[in-house]
Amino acid sequence: MRRPLRLALELVTFGVVVSACAHEVGMIRESPSGGVVAYPIHSELDILSSKARSDAIRLIDEKCRRGHQIVREGEAPRVRKDIDRVWEGQMSGSRLWGLEFTCR
């Protein structure tokens, strides 16, 4: 196998492995002055002490270079309540915690 092709395949494989292990942290809503970031939680302990929360704060810090203020946080529904009842316990990380923030 040619060396550049092999290197490209190794990089792609590395990217897939890293992304598969990453937390599902994402910006749900974004505006010039803030937004909402959400991450999955499995128990009440995950709300403040999980790696996903650290990743969410890091995402906020990247957007707000001069600092930020969390205005509201709480559990956010992933799907409609009638669907939740049917799928309850069958989805991993079925709870989602949101952080609404403003940039300074």
# chains A, B, ... in the order shown; residues from 1 in each chain; ligands from 1
call {"tool": "residues_around", "arguments": {"residues": "Gly35 in chain A", "least_positions_apart": "2", "cutoff": "10 Å", "atoms": "only C-alpha atoms", "output": "PyMOL selection string"}}
result
chain A and resi 27-33+37+60+63+70+99-103
call {"tool": "write_last_selection", "arguments": {"atoms": "N, CA and C atoms", "output": "mmCIF file, in the first residue's frame"}}
result
data_model
loop_
_atom_site.group_PDB
_atom_site.id
_atom_site.type_symbol
_atom_site.label_atom_id
_atom_site.label_comp_id
_atom_site.auth_asym_id
_atom_site.auth_seq_id
_atom_site.Cartn_x
_atom_site.Cartn_y
_atom_site.Cartn_z
ATOM 1 N N MET A 27 -24.196 22.209 20.828
ATOM 2 C CA MET A 27 -24.853 23.502 20.908
ATOM 3 C C MET A 27 -26.239 23.329 20.306
ATOM 4 N N ILE A 28 -27.265 23.484 21.127
ATOM 5 C CA ILE A 28 -28.637 23.312 20.662
ATOM 6 C C ILE A 28 -29.156 24.585 20.017
ATOM 7 N N ARG A 29 -28.851 25.706 20.645
ATOM 8 C CA ARG A 29 -29.275 27.000 20.111
ATOM 9 C C ARG A 29 -28.118 27.964 20.299
ATOM 10 N N GLU A 30 -27.871 28.790 19.286
ATOM 11 C CA GLU A 30 -26.747 29.721 19.351
ATOM 12 C C GLU A 30 -27.179 31.088 18.848
ATOM 13 N N SER A 31 -26.716 32.126 19.549
ATOM 14 C CA SER A 31 -26.943 33.500 19.124
ATOM 15 C C SER A 31 -25.623 34.244 19.312
ATOM 16 N N PRO A 32 -25.500 35.453 18.788
ATOM 17 C CA PRO A 32 -24.253 36.193 18.975
ATOM 18 C C PRO A 32 -23.912 36.450 20.449
ATOM 19 N N SER A 33 -24.933 36.486 21.317
ATOM 20 C CA SER A 33 -24.687 36.823 22.722
ATOM 21 C C SER A 33 -24.813 35.633 23.676
ATOM 22 N N VAL A 37 -26.297 24.868 25.495
ATOM 23 C CA VAL A 37 -25.479 23.677 25.273
ATOM 24 C C VAL A 37 -26.134 22.541 26.051
ATOM 25 N N ILE A 60 -18.707 26.271 25.800
ATOM 26 C CA ILE A 60 -19.153 27.632 26.128
ATOM 27 C C ILE A 60 -17.958 28.576 26.177
ATOM 28 N N LYS A 63 -16.804 29.719 22.809
ATOM 29 C CA LYS A 63 -17.670 30.725 22.196
ATOM 30 C C LYS A 63 -17.519 32.078 22.889
ATOM 31 N N ILE A 70 -24.025 31.455 33.294
ATOM 32 C CA ILE A 70 -25.081 30.475 33.068
ATOM 33 C C ILE A 70 -26.350 31.050 33.681
ATOM 34 N N LEU A 99 -27.662 23.788 29.447
ATOM 35 C CA LEU A 99 -27.106 24.982 30.074
ATOM 36 C C LEU A 99 -27.380 26.169 29.158
ATOM 37 N N GLU A 100 -28.196 27.106 29.610
ATOM 38 C CA GLU A 100 -28.429 28.341 28.852
ATOM 39 C C GLU A 100 -27.453 29.376 29.374
ATOM 40 N N PHE A 101 -26.748 30.043 28.482
ATOM 41 C CA PHE A 101 -25.701 30.973 28.899
ATOM 42 C C PHE A 101 -25.714 32.243 28.073
ATOM 43 N N THR A 102 -25.120 33.286 28.652
ATOM 44 C CA THR A 102 -24.897 34.531 27.927
ATOM 45 C C THR A 102 -23.411 34.851 28.008
ATOM 46 N N CYS A 103 -22.892 35.441 26.953
ATOM 47 C CA CYS A 103 -21.492 35.852 26.918
ATOM 48 C C CYS A 103 -21.351 37.245 27.522
#
call {"tool": "residues_around", "arguments": {"residues": "Arg53 in chain A", "least_positions_apart": "5", "cutoff": "12 Å", "atoms": "only C-alpha atoms", "output": "list in words"}}
result
His23, Glu24, Val25, Gly26, Val37, Ala38, Tyr39, Pro40, Ile41, Leu45, Asp46, Ile47, Leu48, Arg58, Leu59, Ile60, Glu73, Leu96, Trp97, Gly98 and Leu99 of chain A
call {"tool": "write_last_selection", "arguments": {"atoms": "C-alpha atoms", "output": "PDB file, in the first residue's frame"}}
result
ATOM      1  CA  HIS A  23     -19.534  12.633  24.648  1.00  0.00           C
ATOM      2  CA  GLU A  24     -22.619  13.847  22.879  1.00  0.00           C
ATOM      3  CA  VAL A  25     -22.180  17.504  23.820  1.00  0.00           C
ATOM      4  CA  GLY A  26     -23.700  19.964  21.425  1.00  0.00           C
ATOM      5  CA  VAL A  37     -25.479  23.677  25.273  1.00  0.00           C
ATOM      6  CA  ALA A  38     -26.749  20.195  26.160  1.00  0.00           C
ATOM      7  CA  TYR A  39     -25.154  16.944  27.272  1.00  0.00           C
ATOM      8  CA  PRO A  40     -26.430  13.476  28.208  1.00  0.00           C
ATOM      9  CA  ILE A  41     -26.815  12.418  31.840  1.00  0.00           C
ATOM     10  CA  LEU A  45     -24.450  12.605  39.857  1.00  0.00           C
ATOM     11  CA  ASP A  46     -23.653  13.320  36.188  1.00  0.00           C
ATOM     12  CA  ILE A  47     -25.211  16.788  36.324  1.00  0.00           C
ATOM     13  CA  LEU A  48     -22.252  18.464  38.049  1.00  0.00           C
ATOM     14  CA  ARG A  58     -15.322  24.062  27.380  1.00  0.00           C
ATOM     15  CA  LEU A  59     -17.666  24.568  24.408  1.00  0.00           C
ATOM     16  CA  ILE A  60     -19.153  27.632  26.128  1.00  0.00           C
ATOM     17  CA  GLU A  73     -29.968  25.011  33.550  1.00  0.00           C
ATOM     18  CA  LEU A  96     -30.432  15.480  28.462  1.00  0.00           C
ATOM     19  CA  TRP A  97     -29.180  18.367  30.618  1.00  0.00           C
ATOM     20  CA  GLY A  98     -29.112  21.874  29.165  1.00  0.00           C
ATOM     21  CA  LEU A  99     -27.106  24.982  30.074  1.00  0.00           C
TER      22      LEU A  99
END
call {"tool": "atom_distance", "arguments": {"atom1": "CA of Arg104 in chain A", "atom2": "CA of Arg66 in chain A"}}
result
5.9 Å
call {"tool": "select_by_dssp", "arguments": {"residues": "range 17-80 of chain A", "states": "strand (DSSP E)", "output": "PDB file with C-alpha atoms, in the first residue's frame"}}
result
ATOM      1  CA  GLY A  26     -23.700  19.964  21.425  1.00  0.00           C
ATOM      2  CA  MET A  27     -24.853  23.502  20.908  1.00  0.00           C
ATOM      3  CA  ILE A  28     -28.637  23.312  20.662  1.00  0.00           C
ATOM      4  CA  ARG A  29     -29.275  27.000  20.111  1.00  0.00           C
ATOM      5  CA  GLU A  30     -26.747  29.721  19.351  1.00  0.00           C
ATOM      6  CA  SER A  31     -26.943  33.500  19.124  1.00  0.00           C
ATOM      7  CA  GLY A  34     -25.057  33.263  24.056  1.00  0.00           C
ATOM      8  CA  GLY A  35     -26.914  30.026  23.517  1.00  0.00           C
ATOM      9  CA  VAL A  36     -27.848  26.646  24.949  1.00  0.00           C
ATOM     10  CA  VAL A  37     -25.479  23.677  25.273  1.00  0.00           C
ATOM     11  CA  ALA A  38     -26.749  20.195  26.160  1.00  0.00           C
ATOM     12  CA  TYR A  39     -25.154  16.944  27.272  1.00  0.00           C
ATOM     13  CA  PRO A  40     -26.430  13.476  28.208  1.00  0.00           C
ATOM     14  CA  ILE A  41     -26.815  12.418  31.840  1.00  0.00           C
ATOM     15  CA  HIS A  68     -19.914  33.743  30.406  1.00  0.00           C
ATOM     16  CA  GLN A  69     -22.795  33.495  32.822  1.00  0.00           C
ATOM     17  CA  ILE A  70     -25.081  30.475  33.068  1.00  0.00           C
ATOM     18  CA  VAL A  71     -28.578  31.931  33.278  1.00  0.00           C
ATOM     19  CA  ARG A  72     -30.557  28.730  33.546  1.00  0.00           C
ATOM     20  CA  GLU A  73     -29.968  25.011  33.550  1.00  0.00           C
ATOM     21  CA  GLY A  74     -32.144  21.975  33.764  1.00  0.00           C
ATOM     22  CA  GLU A  75     -33.288  18.768  32.184  1.00  0.00           C
ATOM     23  CA  ALA A  76     -34.384  19.115  28.585  1.00  0.00           C
TER      24      ALA A  76
END
